[in-house]
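**Student:** You'll find start31.pdb just under this line, and it carries PDB, C-alpha atoms, pLDDT in the B column.
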ATOM      1  CA  MET A   1     -45.673  21.942 -54.247  1.00 55.00           C
ATOM      2  CA  THR A   2     -46.851  25.522 -53.745  1.00 61.00           C
ATOM      3  CA  LEU A   3     -44.587  28.502 -53.025  1.00 59.00           C
ATOM      4  CA  THR A   4     -45.781  31.601 -51.161  1.00 61.00           C
ATOM      5  CA  ALA A   5     -44.199  34.898 -50.103  1.00 60.00           C
ATOM      6  CA  ASP A   6     -45.041  36.995 -47.035  1.00 58.00           C
ATOM      7  CA  THR A   7     -45.025  40.107 -49.216  1.00 62.00           C
ATOM      8  CA  LEU A   8     -44.813  40.402 -52.973  1.00 62.00           C
ATOM      9  CA  PRO A   9     -44.155  43.836 -54.549  1.00 69.00           C
ATOM     10  CA  LEU A  10     -46.520  45.000 -57.274  1.00 75.00           C
ATOM     11  CA  GLY A  11     -45.541  43.380 -60.563  1.00 74.00           C
ATOM     12  CA  ALA A  12     -43.082  40.961 -58.958  1.00 83.00           C
ATOM     13  CA  VAL A  13     -43.184  37.231 -59.540  1.00 83.00           C
ATOM     14  CA  ILE A  14     -41.946  34.138 -57.732  1.00 82.00           C
ATOM     15  CA  GLU A  15     -39.400  31.979 -59.529  1.00 82.00           C
ATOM     16  CA  TYR A  16     -38.143  28.520 -58.642  1.00 79.00           C
ATOM     17  CA  SER A  17     -35.322  26.205 -59.684  1.00 81.00           C
ATOM     18  CA  LEU A  18     -35.158  22.426 -59.342  1.00 78.00           C
ATOM     19  CA  ASP A  19     -31.612  22.088 -60.706  1.00 77.00           C
ATOM     20  CA  ASN A  20     -29.647  24.160 -58.171  1.00 78.00           C
ATOM     21  CA  GLY A  21     -30.144  27.470 -59.977  1.00 79.00           C
ATOM     22  CA  VAL A  22     -29.153  26.444 -63.500  1.00 85.00           C
ATOM     23  CA  ASN A  23     -32.667  27.096 -64.834  1.00 86.00           C
ATOM     24  CA  TRP A  24     -35.447  29.202 -63.344  1.00 84.00           C
ATOM     25  CA  GLU A  25     -39.199  28.949 -63.943  1.00 81.00           C
ATOM     26  CA  THR A  26     -41.910  31.445 -63.068  1.00 86.00           C
ATOM     27  CA  GLY A  27     -44.785  30.192 -60.958  1.00 80.00           C
ATOM     28  CA  LYS A  28     -46.034  29.335 -57.514  1.00 73.00           C
ATOM     29  CA  GLN A  29     -46.852  25.685 -58.128  1.00 70.00           C
ATOM     30  CA  PHE A  30     -45.003  22.759 -59.663  1.00 64.00           C
ATOM     31  CA  ILE A  31     -45.137  18.974 -59.691  1.00 60.00           C
ATOM     32  CA  LEU A  32     -42.406  16.991 -57.972  1.00 61.00           C
ATOM     33  CA  ALA A  33     -41.229  13.936 -59.893  1.00 55.00           C
ATOM     34  CA  THR A  34     -38.175  13.142 -57.764  1.00 58.00           C
ATOM     35  CA  GLY A  35     -36.690  14.256 -54.489  1.00 59.00           C
ATOM     36  CA  GLY A  36     -34.015  16.900 -54.306  1.00 63.00           C
ATOM     37  CA  LYS A  37     -33.737  20.603 -53.453  1.00 73.00           C
ATOM     38  CA  VAL A  38     -35.808  23.574 -54.539  1.00 79.00           C
ATOM     39  CA  LEU A  39     -34.518  27.146 -54.756  1.00 81.00           C
ATOM     40  CA  SER A  40     -36.870  30.111 -54.896  1.00 79.00           C
ATOM     41  CA  ARG A  41     -36.526  33.851 -55.396  1.00 81.00           C
ATOM     42  CA  ILE A  42     -38.531  36.936 -56.284  1.00 79.00           C
ATOM     43  CA  ARG A  43     -38.058  38.758 -59.578  1.00 79.00           C
ATOM     44  CA  SER A  44     -39.213  42.275 -60.380  1.00 80.00           C
ATOM     45  CA  GLY A  45     -38.293  43.234 -63.904  1.00 78.00           C
ATOM     46  CA  SER A  46     -34.551  42.666 -64.264  1.00 76.00           C
ATOM     47  CA  LYS A  47     -33.972  42.593 -60.522  1.00 75.00           C
ATOM     48  CA  VAL A  48     -33.963  39.441 -58.462  1.00 74.00           C
ATOM     49  CA  SER A  49     -33.945  39.070 -54.716  1.00 71.00           C
ATOM     50  CA  LEU A  50     -30.516  38.654 -53.201  1.00 56.00           C
ATOM     51  CA  SER A  51     -31.585  35.889 -50.880  1.00 53.00           C
ATOM     52  CA  ARG A  52     -32.628  32.533 -52.249  1.00 58.00           C
ATOM     53  CA  SER A  53     -34.460  30.172 -49.966  1.00 58.00           C
ATOM     54  CA  SER A  54     -33.464  26.529 -50.184  1.00 61.00           C
ATOM     55  CA  ALA A  55     -35.554  23.589 -49.072  1.00 62.00           C
ATOM     56  CA  PRO A  56     -34.845  19.867 -49.467  1.00 61.00           C
ATOM     57  CA  PHE A  57     -37.763  17.639 -50.315  1.00 58.00           C
ATOM     58  CA  ASN A  58     -38.383  13.922 -50.477  1.00 59.00           C
ATOM     59  CA  LEU A  59     -41.221  12.115 -52.153  1.00 69.00           C
ATOM     60  CA  TYR A  60     -43.089   9.474 -50.229  1.00 85.00           C
ATOM     61  CA  PHE A  61     -45.392   6.786 -51.540  1.00 94.00           C
ATOM     62  CA  GLN A  62     -48.354   5.129 -49.868  1.00 96.00           C
ATOM     63  CA  ARG A  63     -49.012   2.059 -52.037  1.00 97.00           C
ATOM     64  CA  MET A  64     -46.294   0.187 -53.936  1.00 98.00           C
ATOM     65  CA  LEU A  65     -47.003  -2.536 -56.484  1.00 98.00           C
ATOM     66  CA  VAL A  66     -44.039  -4.696 -57.489  1.00 98.00           C
ATOM     67  CA  ILE A  67     -44.401  -6.739 -60.676  1.00 98.00           C
ATOM     68  CA  GLY A  68     -41.669  -9.331 -60.799  1.00 98.00           C
ATOM     69  CA  ASN A  69     -40.545 -12.930 -61.026  1.00 98.00           C
ATOM     70  CA  SER A  70     -38.689 -15.346 -58.750  1.00 98.00           C
ATOM     71  CA  ILE A  71     -36.122 -12.665 -57.918  1.00 98.00           C
ATOM     72  CA  MET A  72     -39.054 -10.824 -56.342  1.00 98.00           C
ATOM     73  CA  SER A  73     -40.522 -13.854 -54.555  1.00 98.00           C
ATOM     74  CA  HIS A  74     -40.462 -17.638 -54.739  1.00 98.00           C
ATOM     75  CA  GLY A  75     -42.074 -20.153 -52.403  1.00 97.00           C
ATOM     76  CA  PRO A  76     -40.234 -23.178 -51.019  1.00 97.00           C
ATOM     77  CA  ALA A  77     -39.024 -25.674 -53.622  1.00 97.00           C
ATOM     78  CA  PRO A  78     -37.268 -28.456 -51.684  1.00 97.00           C
ATOM     79  CA  ASP A  79     -36.458 -30.376 -54.861  1.00 96.00           C
ATOM     80  CA  LEU A  80     -34.292 -27.413 -55.870  1.00 96.00           C
ATOM     81  CA  GLY A  81     -32.715 -27.013 -52.470  1.00 96.00           C
ATOM     82  CA  TRP A  82     -34.704 -23.838 -51.858  1.00 97.00           C
ATOM     83  CA  PHE A  83     -36.667 -23.647 -48.584  1.00 96.00           C
ATOM     84  CA  ASN A  84     -37.422 -19.949 -48.065  1.00 96.00           C
ATOM     85  CA  ASN A  85     -40.413 -17.883 -49.129  1.00 97.00           C
ATOM     86  CA  ASN A  86     -38.850 -14.670 -50.419  1.00 97.00           C
ATOM     87  CA  GLY A  87     -36.800 -13.414 -53.335  1.00 98.00           C
ATOM     88  CA  MET A  88     -34.998 -16.520 -54.569  1.00 98.00           C
ATOM     89  CA  ALA A  89     -31.422 -16.955 -53.294  1.00 98.00           C
ATOM     90  CA  ALA A  90     -31.685 -14.197 -50.670  1.00 98.00           C
ATOM     91  CA  SER A  91     -30.681 -15.736 -47.339  1.00 97.00           C
ATOM     92  CA  ALA A  92     -33.748 -14.332 -45.536  1.00 97.00           C
ATOM     93  CA  PRO A  93     -36.834 -12.251 -46.386  1.00 97.00           C
ATOM     94  CA  GLU A  94     -35.259  -9.065 -45.087  1.00 97.00           C
ATOM     95  CA  LYS A  95     -32.350  -9.608 -47.471  1.00 98.00           C
ATOM     96  CA  ASP A  96     -34.271  -9.600 -50.751  1.00 98.00           C
ATOM     97  CA  PHE A  97     -34.602  -6.435 -52.824  1.00 98.00           C
ATOM     98  CA  VAL A  98     -38.305  -5.931 -52.085  1.00 98.00           C
ATOM     99  CA  HIS A  99     -37.829  -5.912 -48.315  1.00 98.00           C
ATOM    100  CA  LEU A 100     -34.704  -3.752 -48.540  1.00 98.00           C
ATOM    101  CA  LEU A 101     -36.513  -1.236 -50.733  1.00 98.00           C
ATOM    102  CA  THR A 102     -39.604  -1.309 -48.543  1.00 98.00           C
ATOM    103  CA  GLY A 103     -37.541  -0.501 -45.459  1.00 97.00           C
ATOM    104  CA  ARG A 104     -36.132   2.603 -47.081  1.00 96.00           C
ATOM    105  CA  LEU A 105     -39.494   3.795 -48.389  1.00 96.00           C
ATOM    106  CA  ARG A 106     -41.098   3.350 -44.982  1.00 96.00           C
ATOM    107  CA  THR A 107     -38.633   5.760 -43.414  1.00 94.00           C
ATOM    108  CA  PHE A 108     -40.647   8.457 -45.217  1.00 92.00           C
ATOM    109  CA  TYR A 109     -44.103   6.883 -44.875  1.00 94.00           C
ATOM    110  CA  PRO A 110     -44.297   4.101 -42.248  1.00 95.00           C
ATOM    111  CA  GLY A 111     -47.774   3.081 -43.346  1.00 96.00           C
ATOM    112  CA  MET A 112     -46.810   2.303 -46.930  1.00 96.00           C
ATOM    113  CA  THR A 113     -48.314  -0.957 -48.229  1.00 98.00           C
ATOM    114  CA  VAL A 114     -46.579  -3.355 -50.603  1.00 98.00           C
ATOM    115  CA  THR A 115     -48.312  -5.702 -53.033  1.00 98.00           C
ATOM    116  CA  LEU A 116     -46.477  -8.281 -55.128  1.00 98.00           C
ATOM    117  CA  GLN A 117     -47.736  -9.546 -58.466  1.00 98.00           C
ATOM    118  CA  SER A 118     -46.103 -12.095 -60.712  1.00 98.00           C
ATOM    119  CA  GLY A 119     -45.202 -10.913 -64.187  1.00 97.00           C
ATOM    120  CA  GLY A 120     -44.157 -14.382 -65.273  1.00 97.00           C
ATOM    121  CA  ASN A 121     -47.032 -14.736 -67.716  1.00 97.00           C
ATOM    122  CA  PHE A 122     -45.960 -11.577 -69.479  1.00 98.00           C
ATOM    123  CA  GLU A 123     -42.341 -12.758 -69.643  1.00 98.00           C
ATOM    124  CA  THR A 124     -43.176 -16.127 -71.173  1.00 97.00           C
ATOM    125  CA  GLN A 125     -46.382 -15.458 -73.130  1.00 97.00           C
ATOM    126  CA  PHE A 126     -46.053 -11.890 -74.457  1.00 97.00           C
ATOM    127  CA  GLY A 127     -47.199 -11.574 -78.055  1.00 97.00           C
ATOM    128  CA  THR A 128     -49.061 -14.883 -78.082  1.00 97.00           C
ATOM    129  CA  PRO A 129     -52.842 -15.349 -78.467  1.00 96.00           C
ATOM    130  CA  ALA A 130     -52.970 -16.797 -74.958  1.00 93.00           C
ATOM    131  CA  TYR A 131     -51.715 -13.640 -73.285  1.00 97.00           C
ATOM    132  CA  SER A 132     -53.905 -10.821 -71.945  1.00 97.00           C
ATOM    133  CA  PHE A 133     -52.909  -7.639 -70.117  1.00 97.00           C
ATOM    134  CA  ASP A 134     -56.127  -8.004 -68.144  1.00 96.00           C
ATOM    135  CA  GLU A 135     -54.168  -9.960 -65.528  1.00 97.00           C
ATOM    136  CA  PHE A 136     -53.002  -6.634 -64.052  1.00 97.00           C
ATOM    137  CA  LYS A 137     -56.379  -4.889 -63.917  1.00 96.00           C
ATOM    138  CA  GLY A 138     -57.457  -6.411 -60.614  1.00 96.00           C
ATOM    139  CA  SER A 139     -54.334  -5.349 -58.716  1.00 96.00           C
ATOM    140  CA  LEU A 140     -54.371  -1.862 -60.205  1.00 97.00           C
ATOM    141  CA  GLN A 141     -57.961  -1.222 -59.186  1.00 96.00           C
ATOM    142  CA  GLN A 142     -57.721  -2.873 -55.772  1.00 97.00           C
ATOM    143  CA  VAL A 143     -54.334  -1.463 -54.742  1.00 97.00           C
ATOM    144  CA  GLN A 144     -54.460   1.838 -56.635  1.00 97.00           C
ATOM    145  CA  PRO A 145     -50.664   2.094 -56.440  1.00 97.00           C
ATOM    146  CA  ASP A 146     -48.844   5.408 -56.529  1.00 96.00           C
ATOM    147  CA  LEU A 147     -45.549   3.574 -57.186  1.00 97.00           C
ATOM    148  CA  ILE A 148     -45.085   0.619 -59.537  1.00 98.00           C
ATOM    149  CA  VAL A 149     -41.771  -1.204 -59.825  1.00 98.00           C
ATOM    150  CA  VAL A 150     -41.540  -3.413 -62.925  1.00 98.00           C
ATOM    151  CA  ARG A 151     -38.694  -5.855 -62.192  1.00 98.00           C
ATOM    152  CA  LEU A 152     -38.870  -8.332 -65.095  1.00 98.00           C
ATOM    153  CA  GLY A 153     -36.759  -9.765 -67.888  1.00 96.00           C
ATOM    154  CA  GLU A 154     -34.975 -12.928 -66.838  1.00 97.00           C
ATOM    155  CA  ASN A 155     -37.630 -15.346 -68.133  1.00 97.00           C
ATOM    156  CA  ILE A 156     -37.924 -13.682 -71.547  1.00 97.00           C
ATOM    157  CA  ASP A 157     -36.653 -15.815 -74.418  1.00 97.00           C
ATOM    158  CA  ASP A 158     -34.307 -13.335 -76.073  1.00 97.00           C
ATOM    159  CA  SER A 159     -34.618 -15.112 -79.423  1.00 96.00           C
ATOM    160  CA  GLN A 160     -38.370 -14.380 -79.409  1.00 97.00           C
ATOM    161  CA  VAL A 161     -38.027 -10.659 -78.726  1.00 97.00           C
ATOM    162  CA  PRO A 162     -38.267  -9.510 -82.372  1.00 97.00           C
ATOM    163  CA  LYS A 163     -40.515 -12.358 -83.537  1.00 96.00           C
ATOM    164  CA  ARG A 164     -43.240 -11.758 -80.974  1.00 97.00           C
ATOM    165  CA  GLY A 165     -43.075  -7.974 -80.912  1.00 97.00           C
ATOM    166  CA  PHE A 166     -41.659  -7.429 -77.453  1.00 98.00           C
ATOM    167  CA  GLU A 167     -41.299  -3.689 -78.035  1.00 98.00           C
ATOM    168  CA  THR A 168     -44.996  -3.282 -78.840  1.00 98.00           C
ATOM    169  CA  GLN A 169     -45.971  -5.515 -75.947  1.00 98.00           C
ATOM    170  CA  LEU A 170     -43.821  -3.637 -73.438  1.00 98.00           C
ATOM    171  CA  ARG A 171     -45.188  -0.308 -74.633  1.00 98.00           C
ATOM    172  CA  GLN A 172     -48.710  -1.592 -74.063  1.00 98.00           C
ATOM    173  CA  LEU A 173     -47.841  -2.923 -70.616  1.00 98.00           C
ATOM    174  CA  LEU A 174     -46.186   0.266 -69.375  1.00 98.00           C
ATOM    175  CA  ASP A 175     -48.860   2.465 -70.923  1.00 98.00           C
ATOM    176  CA  GLY A 176     -51.563   0.474 -69.145  1.00 97.00           C
ATOM    177  CA  LEU A 177     -49.754   0.708 -65.815  1.00 98.00           C
ATOM    178  CA  ALA A 178     -49.052   4.424 -66.111  1.00 97.00           C
ATOM    179  CA  ASN A 179     -52.577   5.328 -67.162  1.00 97.00           C
ATOM    180  CA  TYR A 180     -54.765   3.041 -65.076  1.00 96.00           C
ATOM    181  CA  GLY A 181     -56.670   5.978 -63.603  1.00 95.00           C
ATOM    182  CA  GLN A 182     -54.603   7.353 -60.711  1.00 93.00           C
ATOM    183  CA  PRO A 183     -51.333   9.331 -60.632  1.00 92.00           C
ATOM    184  CA  VAL A 184     -48.475   6.843 -60.422  1.00 95.00           C
ATOM    185  CA  ARG A 185     -44.698   6.734 -60.738  1.00 95.00           C
ATOM    186  CA  VAL A 186     -43.428   3.807 -62.805  1.00 98.00           C
ATOM    187  CA  VAL A 187     -39.911   2.438 -62.343  1.00 98.00           C
ATOM    188  CA  CYS A 188     -38.681  -0.225 -64.765  1.00 98.00           C
ATOM    189  CA  THR A 189     -35.470  -2.259 -64.590  1.00 98.00           C
ATOM    190  CA  THR A 190     -33.434  -4.249 -67.059  1.00 98.00           C
ATOM    191  CA  GLY A 191     -32.547  -7.852 -66.271  1.00 98.00           C
ATOM    192  CA  VAL A 192     -29.591  -9.371 -64.441  1.00 98.00           C
ATOM    193  CA  TRP A 193     -28.925 -12.129 -67.001  1.00 97.00           C
ATOM    194  CA  GLN A 194     -27.432 -11.847 -70.475  1.00 95.00           C
ATOM    195  CA  GLN A 195     -30.421 -10.862 -72.656  1.00 96.00           C
ATOM    196  CA  PRO A 196     -29.221  -8.039 -74.903  1.00 97.00           C
ATOM    197  CA  GLN A 197     -32.274  -7.732 -77.157  1.00 98.00           C
ATOM    198  CA  ALA A 198     -34.803  -7.632 -74.325  1.00 98.00           C
ATOM    199  CA  ASP A 199     -32.718  -5.222 -72.277  1.00 98.00           C
ATOM    200  CA  ALA A 200     -32.195  -2.881 -75.221  1.00 98.00           C
ATOM    201  CA  ILE A 201     -35.945  -2.613 -75.707  1.00 98.00           C
ATOM    202  CA  ILE A 202     -36.580  -2.125 -71.994  1.00 98.00           C
ATOM    203  CA  ARG A 203     -34.131   0.781 -72.049  1.00 98.00           C
ATOM    204  CA  LYS A 204     -35.659   2.281 -75.188  1.00 98.00           C
ATOM    205  CA  VAL A 205     -39.336   2.009 -74.256  1.00 98.00           C
ATOM    206  CA  THR A 206     -38.919   3.034 -70.625  1.00 98.00           C
ATOM    207  CA  THR A 207     -36.923   6.122 -71.585  1.00 97.00           C
ATOM    208  CA  GLU A 208     -39.220   7.121 -74.440  1.00 97.00           C
ATOM    209  CA  GLN A 209     -42.277   6.891 -72.196  1.00 97.00           C
ATOM    210  CA  GLY A 210     -40.618   9.053 -69.567  1.00 95.00           C
ATOM    211  CA  HIS A 211     -40.451   6.473 -66.792  1.00 97.00           C
ATOM    212  CA  ALA A 212     -37.530   5.904 -64.445  1.00 97.00           C
ATOM    213  CA  LEU A 213     -35.062   3.384 -65.893  1.00 98.00           C
ATOM    214  CA  VAL A 214     -32.909   1.256 -63.598  1.00 98.00           C
ATOM    215  CA  ASP A 215     -30.103  -0.332 -65.590  1.00 98.00           C
ATOM    216  CA  LEU A 216     -28.905  -3.508 -63.878  1.00 98.00           C
ATOM    217  CA  SER A 217     -26.258  -4.369 -66.475  1.00 97.00           C
ATOM    218  CA  CYS A 218     -23.569  -3.872 -63.806  1.00 97.00           C
ATOM    219  CA  LEU A 219     -24.692  -7.188 -62.289  1.00 98.00           C
ATOM    220  CA  VAL A 220     -24.668  -9.231 -65.493  1.00 97.00           C
ATOM    221  CA  GLY A 221     -21.891 -11.811 -65.449  1.00 96.00           C
ATOM    222  CA  GLN A 222     -20.499 -10.613 -62.099  1.00 98.00           C
ATOM    223  CA  SER A 223     -20.175 -13.747 -59.971  1.00 97.00           C
ATOM    224  CA  GLN A 224     -19.959 -11.840 -56.679  1.00 98.00           C
ATOM    225  CA  TYR A 225     -23.627 -10.921 -57.051  1.00 98.00           C
ATOM    226  CA  PHE A 226     -24.982 -14.436 -57.598  1.00 98.00           C
ATOM    227  CA  ALA A 227     -25.721 -17.371 -55.290  1.00 97.00           C
ATOM    228  CA  SER A 228     -22.975 -19.845 -56.129  1.00 95.00           C
ATOM    229  CA  GLN A 229     -23.484 -21.526 -52.741  1.00 94.00           C
ATOM    230  CA  TYR A 230     -26.496 -23.399 -54.182  1.00 96.00           C
ATOM    231  CA  THR A 231     -25.874 -26.611 -56.105  1.00 96.00           C
ATOM    232  CA  ASN A 232     -28.989 -26.265 -58.250  1.00 97.00           C
ATOM    233  CA  PRO A 233     -27.971 -24.120 -61.255  1.00 97.00           C
ATOM    234  CA  GLY A 234     -31.380 -22.453 -61.460  1.00 97.00           C
ATOM    235  CA  VAL A 235     -31.235 -21.212 -57.880  1.00 98.00           C
ATOM    236  CA  ALA A 236     -27.534 -20.378 -58.167  1.00 97.00           C
ATOM    237  CA  ALA A 237     -28.305 -18.093 -61.116  1.00 97.00           C
ATOM    238  CA  HIS A 238     -30.293 -15.794 -58.818  1.00 98.00           C
ATOM    239  CA  PRO A 239     -28.852 -12.805 -56.973  1.00 98.00           C
ATOM    240  CA  ASN A 240     -27.346 -13.471 -53.550  1.00 98.00           C
ATOM    241  CA  ASP A 241     -27.610 -11.028 -50.658  1.00 98.00           C
ATOM    242  CA  ALA A 242     -25.035  -8.718 -52.242  1.00 98.00           C
ATOM    243  CA  GLY A 243     -26.878  -8.827 -55.552  1.00 98.00           C
ATOM    244  CA  MET A 244     -30.218  -8.113 -53.891  1.00 98.00           C
ATOM    245  CA  GLN A 245     -28.671  -5.172 -52.054  1.00 98.00           C
ATOM    246  CA  ARG A 246     -27.269  -3.823 -55.314  1.00 98.00           C
ATOM    247  CA  ILE A 247     -30.664  -4.096 -57.023  1.00 98.00           C
ATOM    248  CA  ALA A 248     -32.385  -2.313 -54.127  1.00 98.00           C
ATOM    249  CA  ASP A 249     -29.752   0.443 -54.101  1.00 98.00           C
ATOM    250  CA  LEU A 250     -30.104   1.106 -57.823  1.00 98.00           C
ATOM    251  CA  ILE A 251     -33.901   1.186 -57.694  1.00 98.00           C
ATOM    252  CA  TRP A 252     -33.816   3.462 -54.667  1.00 97.00           C
ATOM    253  CA  ALA A 253     -31.528   5.887 -56.461  1.00 95.00           C
ATOM    254  CA  LYS A 254     -34.179   6.303 -59.205  1.00 94.00           C
ATOM    255  CA  ILE A 255     -37.134   6.599 -56.833  1.00 90.00           C
ATOM    256  CA  GLN A 256     -35.719   9.477 -54.795  1.00 75.00           C
TER
END
Show me this structure written as structure tokens.
**Tutor:**
Amino acid sequence: MTLTADTLPLGAVIEYSLDNGVNWETGKQFILATGGKVLSRIRSGSKVSLSRSSAPFNLYFQRMLVIGNSIMSHGPAPDLGWFNNNGMAASAPEKDFVHLLTGRLRTFYPGMTVTLQSGGNFETQFGTPAYSFDEFKGSLQQVQPDLIVVRLGENIDDSQVPKRGFETQLRQLLDGLANYGQPVRVVCTTGVWQQPQADAIIRKVTTEQGHALVDLSCLVGQSQYFASQYTNPGVAAHPNDAGMQRIADLIWAKIQ
């Protein structure tokens, strides 16, 4: 964003604040990482302008890549009692977290595109000779996303987290996504099942790399968020409509 003034006295500078006036920075340009409100003023020596202009701003994204698992999308599996083609256990496509999130994002940019990519190989094969991060290169270059949501964790064997170097592997994954060649915002979530070692590392690595962390621990073990109406235990372990809504709400809060 660039700030301008109709007139600027000799020696005066423009200052701006992104935290409601707690801290002020000198400059006419700055990079927006989240939505919010910007305050601006003019300073000349020890004097500052009495009036501060205030402007709300929202970020919009044009190309979203979601890397996920069956909570993101799962085709029909009649043997499991699952007949939809959307995030597993959501009652309809528009009820899963991807569609809910997409609807909100498109209020700012109606033409936004959404691409889904499975991260199941990473969840199950990380740290093994068979695994390669190259599986993401095609989507990154073809889609050129400006927003990546990494919604993984449930298929990770928590007992293998230290043995197979999950921390190193996650660092490599997020680094590759964040630095694929185009400016991009990366949002990473913890899981919705009880996997303390994996979730602890997701929190640590995501925070240390400066990405947006969505902590979904509020869903873990909370039956109201899971699809108990299904008899198959695998399907029933997935978020229901309320759970999907909660996931979408928490991700949205970090994207703004």
**Student:** Could you tell me how far CA of Leu219 (chain A) lies from CA of Val192 (chain A), in Å and to one decimal?
**Tutor:** 5.8 Å
**Student:** What is the distance between CA of Ser70 (chain A) and CA of Asn121 (chain A), in Å to one decimal?
**Tutor:**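 According to the coordinates, CA of Ser70 (chain A) and CA of Asn121 (chain A) are separated by 12.3 Å.
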**Student:** Just to confirm, what's the straight-line distance from CA of Pro145 (chain A) to CA of Ile201 (chain A) in Å (one decimal)?
**Tutor:**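 Computing it gives 24.7 Å between the two atoms.
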**Student:** Using all atoms listed in the file, find all polymer residues with an atom at most 7 Å away from the point (-42.4, 34.8, -59.2); report them as a VMD selection string.
**Tutor:** chain A and resid 12 to 15 26 to 28 42 to 43
**Student:** To test your reading of the syntax: which residues would the PyMOL selection byres ((chain A and resi 209) around 10) return for the file shown? Reply as a VMD selection string.
**Tutor:** chain A and resid 171 174 to 175 178 186 204 to 208 210 to 212
**Student:** Would you fill out region 201-212 of chain A with N, CA and C atoms and return it as a PDB file, in the coordinates of the input?
**Tutor:**
ATOM      1  N   ILE A 201     -34.578  -3.115 -75.533  1.00 98.00           N
ATOM      2  CA  ILE A 201     -35.945  -2.613 -75.707  1.00 98.00           C
ATOM      3  C   ILE A 201     -36.483  -2.047 -74.400  1.00 98.00           C
ATOM      4  N   ILE A 202     -36.160  -2.685 -73.280  1.00 98.00           N
ATOM      5  CA  ILE A 202     -36.580  -2.125 -71.994  1.00 98.00           C
ATOM      6  C   ILE A 202     -36.010  -0.722 -71.823  1.00 98.00           C
ATOM      7  N   ARG A 203     -34.743  -0.553 -72.152  1.00 98.00           N
ATOM      8  CA  ARG A 203     -34.131   0.781 -72.049  1.00 98.00           C
ATOM      9  C   ARG A 203     -34.841   1.772 -72.971  1.00 98.00           C
ATOM     10  N   LYS A 204     -35.071   1.381 -74.195  1.00 98.00           N
ATOM     11  CA  LYS A 204     -35.659   2.281 -75.188  1.00 98.00           C
ATOM     12  C   LYS A 204     -37.075   2.695 -74.804  1.00 98.00           C
ATOM     13  N   VAL A 205     -37.922   1.718 -74.522  1.00 98.00           N
ATOM     14  CA  VAL A 205     -39.336   2.009 -74.256  1.00 98.00           C
ATOM     15  C   VAL A 205     -39.506   2.772 -72.949  1.00 98.00           C
ATOM     16  N   THR A 206     -38.803   2.357 -71.915  1.00 98.00           N
ATOM     17  CA  THR A 206     -38.919   3.034 -70.625  1.00 98.00           C
ATOM     18  C   THR A 206     -38.516   4.497 -70.739  1.00 98.00           C
ATOM     19  N   THR A 207     -37.412   4.750 -71.420  1.00 97.00           N
ATOM     20  CA  THR A 207     -36.923   6.122 -71.585  1.00 97.00           C
ATOM     21  C   THR A 207     -37.876   6.944 -72.438  1.00 97.00           C
ATOM     22  N   GLU A 208     -38.329   6.377 -73.544  1.00 97.00           N
ATOM     23  CA  GLU A 208     -39.220   7.121 -74.440  1.00 97.00           C
ATOM     24  C   GLU A 208     -40.544   7.464 -73.775  1.00 97.00           C
ATOM     25  N   GLN A 209     -41.013   6.613 -72.875  1.00 97.00           N
ATOM     26  CA  GLN A 209     -42.277   6.891 -72.196  1.00 97.00           C
ATOM     27  C   GLN A 209     -42.092   7.776 -70.968  1.00 97.00           C
ATOM     28  N   GLY A 210     -40.869   8.123 -70.658  1.00 95.00           N
ATOM     29  CA  GLY A 210     -40.618   9.053 -69.567  1.00 95.00           C
ATOM     30  C   GLY A 210     -40.637   8.444 -68.185  1.00 95.00           C
ATOM     31  N   HIS A 211     -40.488   7.122 -68.098  1.00 97.00           N
ATOM     32  CA  HIS A 211     -40.451   6.473 -66.792  1.00 97.00           C
ATOM     33  C   HIS A 211     -39.017   6.380 -66.295  1.00 97.00           C
ATOM     34  N   ALA A 212     -38.865   6.050 -65.027  1.00 97.00           N
ATOM     35  CA  ALA A 212     -37.530   5.904 -64.445  1.00 97.00           C
ATOM     36  C   ALA A 212     -36.940   4.563 -64.874  1.00 97.00           C
TER      37      ALA A 212
END
